[in-house]
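**Student:** Sharing model.txt (compact mmCIF, C-alpha atoms and all ligand atoms) below.
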```txt
# COMPACT_ATOMS: atom_id res chain seq x y z
CA MET A 1 99.79 71.38 100.24
CA VAL A 2 96.33 70.32 99.14
CA GLN A 3 95.72 69.06 95.64
CA LYS A 4 94.51 72.04 93.54
CA LYS A 5 91.24 71.73 91.60
CA ASP A 6 91.59 70.69 87.98
CA ILE A 7 90.75 74.07 86.43
CA ASP A 8 92.16 75.92 83.43
CA TRP A 9 92.84 79.00 85.59
CA GLY A 10 93.85 81.27 82.71
CA SER A 11 90.54 80.85 80.90
CA LEU A 12 88.28 81.45 83.90
CA GLY A 13 85.99 84.47 83.56
CA PHE A 14 84.40 86.63 86.24
CA SER A 15 81.49 84.43 87.19
CA TYR A 16 80.26 82.46 90.16
CA VAL A 17 81.53 78.93 90.77
CA VAL A 18 80.33 76.93 93.77
CA THR A 19 83.32 76.02 95.95
CA ASP A 20 83.60 73.65 98.93
CA LYS A 21 83.11 75.88 101.98
CA ARG A 22 81.44 79.11 103.03
CA TYR A 23 81.48 80.95 106.36
CA VAL A 24 78.18 81.62 108.15
CA ALA A 25 77.35 83.46 111.38
CA ASN A 26 73.90 84.36 112.66
CA TYR A 27 72.68 87.29 114.74
CA ARG A 28 69.80 86.20 116.98
CA ASN A 29 68.43 87.52 120.29
CA GLY A 30 70.72 90.51 120.08
CA ALA A 31 74.06 88.71 119.61
CA TRP A 32 76.28 87.17 116.92
CA ASP A 33 76.83 83.44 117.36
CA GLU A 34 80.21 81.72 117.03
CA GLY A 35 80.01 81.18 113.27
CA GLY A 36 81.96 78.69 111.19
CA LEU A 37 82.44 76.97 107.86
CA ILE A 38 79.62 74.97 106.28
CA SER A 39 79.22 73.09 102.99
CA ASP A 40 75.62 74.03 102.08
CA ASP A 41 75.61 76.81 99.47
CA LYS A 42 71.87 77.53 99.83
CA VAL A 43 70.28 80.19 102.06
CA VAL A 44 66.85 79.39 103.44
CA MET A 45 64.85 82.30 104.84
CA SER A 46 61.38 83.69 105.42
CA GLU A 47 59.50 84.94 102.37
CA ASP A 48 59.22 88.18 104.35
CA ALA A 49 62.92 88.56 105.25
CA GLY A 50 64.11 92.16 105.64
CA VAL A 51 66.54 91.80 102.75
CA LEU A 52 63.78 90.67 100.37
CA GLN A 53 61.35 93.45 101.26
CA TYR A 54 63.45 96.52 102.02
CA SER A 55 66.90 95.57 100.66
CA GLN A 56 68.65 95.54 104.01
CA SER A 57 71.99 94.17 102.86
CA VAL A 58 75.63 95.24 102.62
CA PHE A 59 78.63 93.52 101.09
CA GLU A 60 82.38 93.55 100.53
CA GLY A 61 84.79 92.25 97.92
CA LEU A 62 88.46 91.30 98.18
CA LYS A 63 90.85 88.76 96.70
CA ALA A 64 93.23 86.04 97.81
CA TYR A 65 96.10 84.85 95.65
CA THR A 66 99.30 82.88 95.65
CA THR A 67 102.47 84.98 95.95
CA ALA A 68 105.72 84.51 94.04
CA ASP A 69 107.17 82.52 96.98
CA GLY A 70 104.12 80.26 97.24
CA HIS A 71 102.12 81.70 100.14
CA ILE A 72 98.40 82.33 100.08
CA VAL A 73 97.65 85.91 101.09
CA CYS A 74 94.94 88.53 100.93
CA PHE A 75 95.19 92.30 100.74
CA ARG A 76 94.25 94.65 103.62
CA PRO A 77 91.19 92.70 104.86
CA ASP A 78 91.11 94.96 107.94
CA LEU A 79 89.93 97.79 105.69
CA ASN A 80 87.10 95.64 104.31
CA ALA A 81 86.16 94.79 107.91
CA GLU A 82 86.02 98.46 108.80
CA ARG A 83 84.10 99.49 105.71
CA MET A 84 81.50 96.77 106.22
CA TYR A 85 81.19 97.85 109.85
CA ASN A 86 80.36 101.38 108.69
CA SER A 87 78.03 100.16 105.93
CA ALA A 88 76.09 98.09 108.48
CA LEU A 89 75.69 101.00 110.91
CA ARG A 90 74.26 103.20 108.13
CA LEU A 91 71.57 100.58 107.35
CA GLU A 92 70.74 99.95 111.06
CA MET A 93 72.27 96.47 110.99
CA PRO A 94 74.31 95.05 113.88
CA PRO A 95 77.91 95.43 112.63
CA TYR A 96 79.99 92.28 112.43
CA PRO A 97 83.02 92.59 114.78
CA LYS A 98 86.09 93.65 112.77
CA ASP A 99 88.51 91.12 114.27
CA LYS A 100 86.02 88.29 113.67
CA PHE A 101 85.57 89.47 110.08
CA VAL A 102 89.30 89.11 109.38
CA GLU A 103 89.33 85.75 111.15
CA ALA A 104 86.36 84.56 109.05
CA VAL A 105 88.07 85.69 105.82
CA LYS A 106 91.15 83.65 106.78
CA GLN A 107 89.05 80.59 107.65
CA VAL A 108 87.08 80.60 104.43
CA ILE A 109 90.24 80.98 102.31
CA ALA A 110 91.96 78.16 104.21
CA GLY A 111 88.86 75.98 103.82
CA ASN A 112 88.97 76.51 100.05
CA GLU A 113 92.73 76.26 99.58
CA ALA A 114 92.29 73.94 96.59
CA TRP A 115 90.46 76.77 94.81
CA VAL A 116 93.16 79.43 95.23
CA PRO A 117 94.70 79.92 91.77
CA PRO A 118 98.47 79.34 91.45
CA TYR A 119 101.00 82.17 91.10
CA GLY A 120 101.46 83.37 87.56
CA SER A 121 98.05 82.21 86.32
CA GLY A 122 96.63 85.73 86.52
CA ALA A 123 93.60 84.24 88.25
CA THR A 124 92.64 85.01 91.87
CA LEU A 125 90.17 83.85 94.48
CA TYR A 126 87.43 86.46 94.82
CA ILE A 127 86.01 86.73 98.34
CA ARG A 128 82.51 88.02 98.91
CA PRO A 129 81.53 88.84 102.53
CA TYR A 130 77.96 90.07 102.97
CA MET A 131 75.21 90.36 105.54
CA PHE A 132 71.48 90.81 105.36
CA GLY A 133 68.28 91.09 107.40
CA ILE A 134 66.86 87.57 107.58
CA SER A 135 63.86 87.83 109.92
CA PRO A 136 60.38 88.94 108.76
CA VAL A 137 59.53 92.65 108.58
CA ILE A 138 56.33 94.15 107.24
CA GLY A 139 56.25 97.64 108.71
CA VAL A 140 59.26 99.63 107.59
CA LYS A 141 61.87 98.94 110.27
CA PRO A 142 65.16 97.11 110.69
CA ALA A 143 64.99 93.30 110.88
CA GLU A 144 65.58 91.63 114.27
CA ASP A 145 67.88 88.86 112.99
CA TYR A 146 70.77 88.91 110.50
CA GLN A 147 73.06 86.53 108.70
CA PHE A 148 76.71 87.17 107.86
CA ARG A 149 78.22 85.01 105.13
CA ILE A 150 81.37 84.77 103.07
CA PHE A 151 81.66 82.73 99.91
CA VAL A 152 84.62 82.55 97.55
CA THR A 153 84.83 81.95 93.82
CA PRO A 154 87.89 81.65 91.57
CA VAL A 155 88.02 84.36 88.90
CA GLY A 156 90.19 84.65 85.81
CA PRO A 157 92.58 87.43 84.86
CA TYR A 158 90.57 90.65 84.54
CA PHE A 159 92.40 91.64 81.36
CA LYS A 160 93.17 88.85 78.96
CA GLY A 161 96.04 89.94 76.74
CA GLY A 162 96.67 93.28 78.45
CA ALA A 163 94.54 96.17 79.66
CA ARG A 164 92.96 97.96 76.70
CA PRO A 165 91.70 101.46 77.49
CA ILE A 166 87.90 101.68 77.55
CA ASP A 167 85.35 104.31 76.57
CA ILE A 168 82.82 105.46 79.13
CA LYS A 169 79.87 107.85 79.00
CA VAL A 170 78.52 110.59 81.23
CA SER A 171 75.34 109.13 82.66
CA ASP A 172 72.06 111.04 82.71
CA PHE A 173 71.21 109.14 85.88
CA ASP A 174 72.61 109.85 89.33
CA ARG A 175 74.38 107.25 91.45
CA ALA A 176 74.28 108.63 94.96
CA ALA A 177 72.54 111.61 96.52
CA PRO A 178 74.45 114.09 98.68
CA ARG A 179 74.04 112.76 102.24
CA GLY A 180 72.70 109.49 100.79
CA THR A 181 74.27 106.03 100.75
CA GLY A 182 77.00 106.47 98.11
CA ASN A 183 79.76 106.06 100.69
CA ILE A 184 78.64 102.60 101.84
CA LYS A 185 78.82 99.29 100.02
CA ALA A 186 75.17 98.34 99.84
CA GLY A 187 73.33 96.26 97.25
CA LEU A 188 70.77 99.03 96.90
CA ASN A 189 73.38 101.26 95.22
CA TYR A 190 73.77 98.63 92.55
CA ALA A 191 70.12 97.74 91.98
CA MET A 192 69.41 101.26 90.80
CA SER A 193 72.54 101.32 88.60
CA LEU A 194 71.52 98.31 86.48
CA HIS A 195 69.28 100.27 84.12
CA ALA A 196 72.03 102.82 83.44
CA ILE A 197 74.67 100.14 82.82
CA VAL A 198 72.44 98.20 80.43
CA LEU A 199 71.79 101.43 78.50
CA ALA A 200 75.50 102.30 78.40
CA HIS A 201 76.36 98.84 77.06
CA LYS A 202 73.65 99.12 74.39
CA GLU A 203 75.24 102.37 73.27
CA GLY A 204 78.66 100.70 73.08
CA PHE A 205 80.23 102.07 76.27
CA ALA A 206 81.96 99.95 78.89
CA GLU A 207 80.79 102.00 81.89
CA ASN A 208 79.03 105.12 83.14
CA ILE A 209 80.74 108.03 84.81
CA TYR A 210 78.39 109.65 87.33
CA LEU A 211 78.38 113.34 88.19
CA ASP A 212 77.47 114.92 91.52
CA PRO A 213 73.64 115.09 91.55
CA ALA A 214 73.46 118.53 93.17
CA THR A 215 75.26 120.46 90.41
CA ARG A 216 76.09 117.82 87.76
CA THR A 217 79.46 119.50 87.24
CA LYS A 218 81.81 117.30 89.30
CA ILE A 219 83.19 113.78 88.75
CA GLU A 220 81.95 111.21 91.28
CA GLU A 221 82.83 107.67 90.14
CA THR A 222 81.61 104.87 87.90
CA GLY A 223 79.08 102.25 88.96
CA GLY A 224 81.65 100.10 90.71
CA ALA A 225 85.03 101.82 90.62
CA ASN A 226 86.63 105.06 91.82
CA THR A 227 88.53 107.27 89.38
CA ILE A 228 92.04 108.72 89.30
CA PHE A 229 93.60 111.19 86.88
CA VAL A 230 97.15 112.02 85.85
CA ASP A 231 97.76 115.71 85.15
CA ALA A 232 100.13 117.32 82.62
CA ASP A 233 102.99 117.25 85.16
CA GLY A 234 102.59 113.51 85.73
CA ASN A 235 101.03 113.92 89.18
CA LEU A 236 97.89 112.27 90.51
CA VAL A 237 94.53 114.01 90.93
CA ILE A 238 91.82 112.11 92.82
CA PRO A 239 88.18 113.24 92.99
CA LYS A 240 86.90 113.92 96.47
CA SER A 241 83.26 113.76 97.57
CA ASP A 242 81.33 112.46 100.57
CA SER A 243 79.22 110.29 98.27
CA ILE A 244 82.13 108.41 96.66
CA LEU A 245 82.63 104.87 97.97
CA PRO A 246 85.96 104.74 99.86
CA SER A 247 87.78 102.30 97.56
CA ILE A 248 90.62 100.39 99.21
CA THR A 249 92.42 100.16 95.87
CA ARG A 250 92.20 103.94 95.40
CA ARG A 251 93.47 104.62 98.94
CA SER A 252 96.33 102.18 98.34
CA ILE A 253 97.19 103.86 95.02
CA HIS A 254 97.27 107.22 96.80
CA TYR A 255 99.85 105.84 99.23
CA VAL A 256 101.90 104.09 96.54
CA ALA A 257 101.97 107.27 94.40
CA GLU A 258 103.35 109.35 97.27
CA HIS A 259 105.60 106.87 99.07
CA TYR A 260 106.87 104.60 96.29
CA LEU A 261 106.80 106.78 93.18
CA GLY A 262 107.32 110.23 94.69
CA LEU A 263 104.32 111.72 92.91
CA LYS A 264 102.28 114.62 94.22
CA VAL A 265 98.71 113.62 94.98
CA ASP A 266 95.92 116.16 95.02
CA GLU A 267 92.64 114.86 96.41
CA ARG A 268 90.02 117.48 95.62
CA GLU A 269 86.79 118.20 93.78
CA VAL A 270 87.31 117.51 90.07
CA TYR A 271 85.12 119.29 87.51
CA LEU A 272 84.00 117.62 84.29
CA ASP A 273 85.00 120.74 82.35
CA GLU A 274 88.65 120.47 83.46
CA VAL A 275 89.31 116.80 82.73
CA HIS A 276 90.41 117.57 79.15
CA ASN A 277 93.60 118.89 80.82
CA PHE A 278 94.48 115.43 82.13
CA ARG A 279 96.68 112.94 80.26
CA GLU A 280 95.46 109.69 81.82
CA MET A 281 92.32 108.47 83.56
CA GLY A 282 91.98 105.20 85.40
CA LEU A 283 89.18 103.31 87.14
CA CYS A 284 90.24 101.56 90.31
CA GLY A 285 88.78 98.72 92.32
CA THR A 286 89.61 95.25 93.55
CA ALA A 287 88.52 93.49 90.34
CA ALA A 288 90.84 95.19 87.81
CA VAL A 289 93.14 97.13 90.19
CA ILE A 290 93.43 99.85 87.47
CA CYS A 291 91.46 99.98 84.24
CA PRO A 292 92.59 102.72 81.82
CA VAL A 293 90.00 105.01 80.24
CA ARG A 294 90.59 106.14 76.65
CA ALA A 295 87.79 108.68 76.50
CA ILE A 296 84.76 110.06 78.30
CA ASN A 297 81.83 110.66 75.98
CA ASP A 298 79.78 113.64 77.19
CA HIS A 299 76.61 113.60 75.10
CA GLY A 300 78.49 113.09 71.85
CA LYS A 301 81.51 115.18 72.76
CA GLU A 302 84.65 113.09 73.30
CA ILE A 303 87.18 113.95 75.99
CA VAL A 304 90.23 111.87 75.08
CA PHE A 305 93.03 111.03 77.54
CA GLU A 306 95.97 111.22 75.18
CA ASP A 307 98.38 108.92 77.03
CA ASN A 308 95.71 106.18 77.09
CA ASN A 309 94.91 106.70 73.40
CA HIS A 310 97.37 104.20 71.92
CA GLY A 311 95.79 100.91 72.90
CA VAL A 312 97.64 100.56 76.20
CA MET A 313 97.61 102.06 79.68
CA GLY A 314 99.49 105.38 80.01
CA PRO A 315 102.96 105.37 81.66
CA VAL A 316 101.96 106.73 85.09
CA LEU A 317 99.00 104.37 85.48
CA GLN A 318 101.25 101.52 84.37
CA LYS A 319 103.81 102.35 87.08
CA LEU A 320 101.09 102.54 89.72
CA TYR A 321 99.62 99.26 88.49
CA ASP A 322 102.98 97.45 88.45
CA THR A 323 103.93 98.69 91.91
CA LEU A 324 100.61 97.90 93.56
CA THR A 325 100.25 94.45 91.96
CA GLY A 326 103.92 93.81 92.84
CA ILE A 327 103.10 94.58 96.48
CA GLN A 328 100.12 92.24 96.30
CA MET A 329 102.06 89.41 94.64
CA GLY A 330 105.05 89.72 96.97
CA THR A 331 107.62 90.95 94.42
CA VAL A 332 107.68 94.51 95.85
CA GLU A 333 108.07 95.07 99.58
CA ALA A 334 104.70 95.90 101.15
CA PRO A 335 103.96 98.60 103.71
CA GLU A 336 103.51 97.22 107.23
CA GLY A 337 100.18 95.43 107.66
CA TRP A 338 99.04 95.39 104.03
CA ILE A 339 99.52 91.68 103.35
CA CYS A 340 97.61 89.14 105.42
CA GLN A 341 99.16 85.69 105.17
CA ILE A 342 96.83 82.68 105.33
CA ASP A 343 99.21 79.70 105.33
C1 LIG A 401 83.56 98.29 95.76
C2 LIG A 401 83.47 99.58 95.07
C3 LIG A 401 84.59 100.27 94.61
C4 LIG A 401 85.99 99.70 94.70
O1 LIG A 401 86.42 99.50 96.01
P1 LIG A 401 87.68 98.57 96.31
O2 LIG A 401 87.73 98.52 97.80
O3 LIG A 401 88.86 99.22 95.73
O4 LIG A 401 87.39 97.26 95.67
C5 LIG A 401 84.42 101.50 94.02
N1 LIG A 401 83.20 102.05 93.86
C6 LIG A 401 82.08 101.41 94.26
C7 LIG A 401 80.77 102.05 94.05
C8 LIG A 401 82.17 100.16 94.88
O5 LIG A 401 81.07 99.53 95.28
```
I need this file expressed as structure tokens, please.
Ligand SMILES: *Cc1c(COP(=O)(O)O)cnc(C)c1O
**Tutor:**
Amino acid sequence: MVQKKDIDWGSLGFSYVVTDKRYVANYRNGAWDEGGLISDDKVVMSEDAGVLQYSQSVFEGLKAYTTADGHIVCFRPDLNAERMYNSALRLEMPPYPKDKFVEAVKQVIAGNEAWVPPYGSGATLYIRPYMFGISPVIGVKPAEDYQFRIFVTPVGPYFKGGARPIDIKVSDFDRAAPRGTGNIKAGLNYAMSLHAIVLAHKEGFAENIYLDPATRTKIEETGGANTIFVDADGNLVIPKSDSILPSITRRSIHYVAEHYLGLKVDEREVYLDEVHNFREMGLCGTAAVICPVRAINDHGKEIVFEDNNHGVMGPVLQKLYDTLTGIQMGTVEAPEGWICQID
């Protein structure tokens, strides 16, 4: 056991802290090099690097934590490896091998063991893999050389003092075009969302809900989280669209709902004008796992999710949340292959 850092884990926020080690691999002359841990947190690159000119970059996000019985683990990193592989292909980047990705995640967690928050603190170690075009480009084309990196940063409990349901608004902007890049995890999808999120915050909303750009009648997702709904019968309805980012949390919730809780799960197109029939709405992603939504504001008209309207998460979301976080923390038995042990 290494000596843990002297940090008040419970009062950490969600912000970047420089830790001891990061993983770096370089793609040069048509091949990825061996890669390994380094201490230098700075990236030095050409002023004309592909990432700086044409935003050629993709990323991932996952967490490591200490389980009830004292092991350090992370959750389904093979799915992050696969998603980043697909993201890279879409942006004409050489994909990082999936087995090496998982190996690199394990190495960088082990190299920062002192930064992994203890069990029960509510804090976790956030892991950020990413890759970008590093060689100069001036004509519009893919870079020749790339860098793959992973840094980690300890983050506090997402909800301090319990998950309070949030209000979100229907955005007048679109997130992802049909046949565009909505289904990959690329920085470019976030750059264009910043204006909309700043506006939403100014108007007092926590997030934007985006509609499908083609018809503006169907629910897509928020800026950084997929959505799930609970219908009047207590079953799960999950929006389906080719431009929704395939959230690992959402896919895990789908499985947990069916196989642990015996719920029916309907993954289908969900229309804005039917959501008033639903009793609960949740946002799902690695950061919060599930964040309850109290109401969607559609241009002044409120659509309230009644079971989230009493200051706490509705009962079905709560069961999903407890089961999935129990699986992650080692208090509920996990499906085969979901938990990746580091130590
Ligand atoms: C990362 C991300 C999510 C959540 O995915 P997880 O794998 O569950 O963390 C949802 N939507 C968007 C747009 C994202 O970038």
**Student:** Would you mind telling me which residue in A:Val170, A:Leu245, A:Val312, A:Ile296 lies nearest to ligand LIG 401 (chain A) when using all atoms listed in the file?
**Tutor:** A:Leu245
**Student:** Kindly extract all protein, DNA and RNA residues lying within 10 Å of the coordinates (106.6, 104.8, 93.6) given in the file, considering only C-alpha atoms, and supply them as a PyMOL selection string.
**Tutor:** chain A and resi 253+255-263+316+319-320+322-324
**Student:** From the list A:Gly224, A:Gly120, A:Gly187, A:Gly282, which residue is nearest ligand LIG 401 (chain A) when using only C-alpha atoms and all ligand atoms?
**Tutor:**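 For ligand LIG 401 (chain A), the nearest of the candidates is A:Gly224.
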**Student:** Take atom CA of Ile327 of chain A and atom CA of Trp115 of chain A and report the distance between them in Å, one decimal.
**Tutor:** 21.9 Å
**Student:** Please, what distance in Å, to one decimal, runs between atom CA of His71 of chain A and atom CA of Glu103 of chain A?
**Tutor:**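 It comes out at 17.4 Å.
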**Student:** Please, what is the axis-aligned box for every listed atom of ligand LIG 401 (chain A) with 4 Å on each side, as centre and edge lengths in Å to one decimal, as JSON?
**Tutor:**
```
{"center_x": 84.8, "center_y": 99.7, "center_z": 95.8, "size_x": 16.1, "size_y": 12.8, "size_z": 11.9}
```
**Student:** Kindly compile the residues surrounding ligand LIG 401 (chain A) within 8 Å, counting all atoms listed in the file, and format them as number ranges by chain.
**Tutor:** A: 60-62, 80, 182-186, 189-190, 221-226, 244-251, 284-287, 289
**Student:** Find the residues near Val18 of chain A: any atom within 12 Å, counting all atoms listed in the file, skip ones fewer than 6 places away on the same chain, and give them as a list in words.
**Tutor:** Ser39, Asp40, Asp41, Lys42, Asn112, Trp115, Tyr126, Phe151, Val152, Thr153, Pro154 and Val155 of chain A
**Student:** Quick one: residues within 12 Å of Glu336 of chain A, only C-alpha atoms, excluding same-chain residues fewer than 3 positions away - as a list in words?
**Tutor:**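 Using only C-alpha atoms, the neighbours found are Phe75, Arg76, Ile327, Glu333, Ile339 and Cys340 of chain A.
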**Student:** Please produce segment 127-137 of chain A, completed to all heavy atoms, as a PDB file, in the frame of the given file.
**Tutor:**
```pdb
ATOM      1  N   ILE A 127      86.649  86.995  97.046  1.00  0.00           N
ATOM      2  CA  ILE A 127      86.010  86.730  98.340  1.00  0.00           C
ATOM      3  C   ILE A 127      84.865  87.702  98.527  1.00  0.00           C
ATOM      4  O   ILE A 127      85.049  88.909  98.409  1.00  0.00           O
ATOM      5  CB  ILE A 127      87.044  86.914  99.469  1.00  0.00           C
ATOM      6  CG1 ILE A 127      88.244  85.985  99.224  1.00  0.00           C
ATOM      7  CG2 ILE A 127      86.424  86.641 100.835  1.00  0.00           C
ATOM      8  CD1 ILE A 127      89.481  86.435  99.974  1.00  0.00           C
ATOM      9  N   ARG A 128      83.702  87.182  98.795  1.00  0.00           N
ATOM     10  CA  ARG A 128      82.510  88.020  98.910  1.00  0.00           C
ATOM     11  C   ARG A 128      81.869  87.881 100.307  1.00  0.00           C
ATOM     12  O   ARG A 128      81.070  86.997 100.545  1.00  0.00           O
ATOM     13  CB  ARG A 128      81.510  87.620  97.823  1.00  0.00           C
ATOM     14  CG  ARG A 128      80.111  88.231  97.926  1.00  0.00           C
ATOM     15  CD  ARG A 128      80.070  89.741  98.064  1.00  0.00           C
ATOM     16  NE  ARG A 128      80.663  90.485  96.983  1.00  0.00           N
ATOM     17  CZ  ARG A 128      80.039  90.831  95.840  1.00  0.00           C
ATOM     18  NH1 ARG A 128      78.800  90.484  95.636  1.00  0.00           N
ATOM     19  NH2 ARG A 128      80.668  91.539  94.938  1.00  0.00           N
ATOM     20  N   PRO A 129      82.242  88.763 101.251  1.00  0.00           N
ATOM     21  CA  PRO A 129      81.530  88.840 102.530  1.00  0.00           C
ATOM     22  C   PRO A 129      80.245  89.642 102.342  1.00  0.00           C
ATOM     23  O   PRO A 129      80.231  90.590 101.555  1.00  0.00           O
ATOM     24  CB  PRO A 129      82.500  89.611 103.436  1.00  0.00           C
ATOM     25  CG  PRO A 129      83.808  89.690 102.678  1.00  0.00           C
ATOM     26  CD  PRO A 129      83.432  89.622 101.232  1.00  0.00           C
ATOM     27  N   TYR A 130      79.199  89.273 103.032  1.00  0.00           N
ATOM     28  CA  TYR A 130      77.960  90.070 102.970  1.00  0.00           C
ATOM     29  C   TYR A 130      77.102  89.754 104.164  1.00  0.00           C
ATOM     30  O   TYR A 130      77.278  88.736 104.837  1.00  0.00           O
ATOM     31  CB  TYR A 130      77.201  89.836 101.658  1.00  0.00           C
ATOM     32  CG  TYR A 130      76.749  88.410 101.379  1.00  0.00           C
ATOM     33  CD1 TYR A 130      75.393  88.091 101.312  1.00  0.00           C
ATOM     34  CD2 TYR A 130      77.672  87.390 101.179  1.00  0.00           C
ATOM     35  CE1 TYR A 130      74.970  86.796 101.034  1.00  0.00           C
ATOM     36  CE2 TYR A 130      77.258  86.099 100.897  1.00  0.00           C
ATOM     37  CZ  TYR A 130      75.903  85.808 100.831  1.00  0.00           C
ATOM     38  OH  TYR A 130      75.503  84.529 100.565  1.00  0.00           O
ATOM     39  N   MET A 131      76.169  90.640 104.467  1.00  0.00           N
ATOM     40  CA  MET A 131      75.210  90.360 105.540  1.00  0.00           C
ATOM     41  C   MET A 131      73.870  90.978 105.198  1.00  0.00           C
ATOM     42  O   MET A 131      73.777  91.938 104.435  1.00  0.00           O
ATOM     43  CB  MET A 131      75.726  90.830 106.891  1.00  0.00           C
ATOM     44  CG  MET A 131      76.164  92.252 106.969  1.00  0.00           C
ATOM     45  SD  MET A 131      76.854  92.658 108.588  1.00  0.00           S
ATOM     46  CE  MET A 131      75.330  93.042 109.456  1.00  0.00           C
ATOM     47  N   PHE A 132      72.830  90.395 105.760  1.00  0.00           N
ATOM     48  CA  PHE A 132      71.480  90.810 105.360  1.00  0.00           C
ATOM     49  C   PHE A 132      70.483  90.531 106.477  1.00  0.00           C
ATOM     50  O   PHE A 132      70.686  89.642 107.312  1.00  0.00           O
ATOM     51  CB  PHE A 132      71.055  90.086 104.078  1.00  0.00           C
ATOM     52  CG  PHE A 132      71.252  88.592 104.123  1.00  0.00           C
ATOM     53  CD1 PHE A 132      70.219  87.757 104.524  1.00  0.00           C
ATOM     54  CD2 PHE A 132      72.476  88.036 103.775  1.00  0.00           C
ATOM     55  CE1 PHE A 132      70.404  86.382 104.574  1.00  0.00           C
ATOM     56  CE2 PHE A 132      72.674  86.657 103.819  1.00  0.00           C
ATOM     57  CZ  PHE A 132      71.641  85.832 104.213  1.00  0.00           C
ATOM     58  N   GLY A 133      69.378  91.297 106.451  1.00  0.00           N
ATOM     59  CA  GLY A 133      68.280  91.090 107.400  1.00  0.00           C
ATOM     60  C   GLY A 133      67.526  89.834 107.001  1.00  0.00           C
ATOM     61  O   GLY A 133      67.051  89.726 105.872  1.00  0.00           O
ATOM     62  N   ILE A 134      67.424  88.881 107.937  1.00  0.00           N
ATOM     63  CA  ILE A 134      66.860  87.570 107.580  1.00  0.00           C
ATOM     64  C   ILE A 134      65.487  87.325 108.208  1.00  0.00           C
ATOM     65  O   ILE A 134      64.728  86.488 107.739  1.00  0.00           O
ATOM     66  CB  ILE A 134      67.869  86.440 107.936  1.00  0.00           C
ATOM     67  CG1 ILE A 134      67.537  85.143 107.183  1.00  0.00           C
ATOM     68  CG2 ILE A 134      67.955  86.219 109.442  1.00  0.00           C
ATOM     69  CD1 ILE A 134      68.630  84.102 107.229  1.00  0.00           C
ATOM     70  N   SER A 135      65.153  88.069 109.264  1.00  0.00           N
ATOM     71  CA  SER A 135      63.860  87.830 109.920  1.00  0.00           C
ATOM     72  C   SER A 135      62.761  88.657 109.239  1.00  0.00           C
ATOM     73  O   SER A 135      63.047  89.624 108.537  1.00  0.00           O
ATOM     74  CB  SER A 135      63.962  88.151 111.407  1.00  0.00           C
ATOM     75  OG  SER A 135      64.392  89.486 111.586  1.00  0.00           O
ATOM     76  N   PRO A 136      61.492  88.265 109.431  1.00  0.00           N
ATOM     77  CA  PRO A 136      60.380  88.940 108.760  1.00  0.00           C
ATOM     78  C   PRO A 136      60.199  90.394 109.213  1.00  0.00           C
ATOM     79  O   PRO A 136      60.312  90.674 110.405  1.00  0.00           O
ATOM     80  CB  PRO A 136      59.147  88.119 109.160  1.00  0.00           C
ATOM     81  CG  PRO A 136      59.663  86.866 109.750  1.00  0.00           C
ATOM     82  CD  PRO A 136      61.032  87.132 110.263  1.00  0.00           C
ATOM     83  N   VAL A 137      59.928  91.272 108.266  1.00  0.00           N
ATOM     84  CA  VAL A 137      59.530  92.650 108.580  1.00  0.00           C
ATOM     85  C   VAL A 137      58.369  92.998 107.649  1.00  0.00           C
ATOM     86  O   VAL A 137      58.367  92.605 106.490  1.00  0.00           O
ATOM     87  CB  VAL A 137      60.662  93.678 108.322  1.00  0.00           C
ATOM     88  CG1 VAL A 137      61.791  93.510 109.298  1.00  0.00           C
ATOM     89  CG2 VAL A 137      61.176  93.622 106.907  1.00  0.00           C
TER      90      VAL A 137
END
```
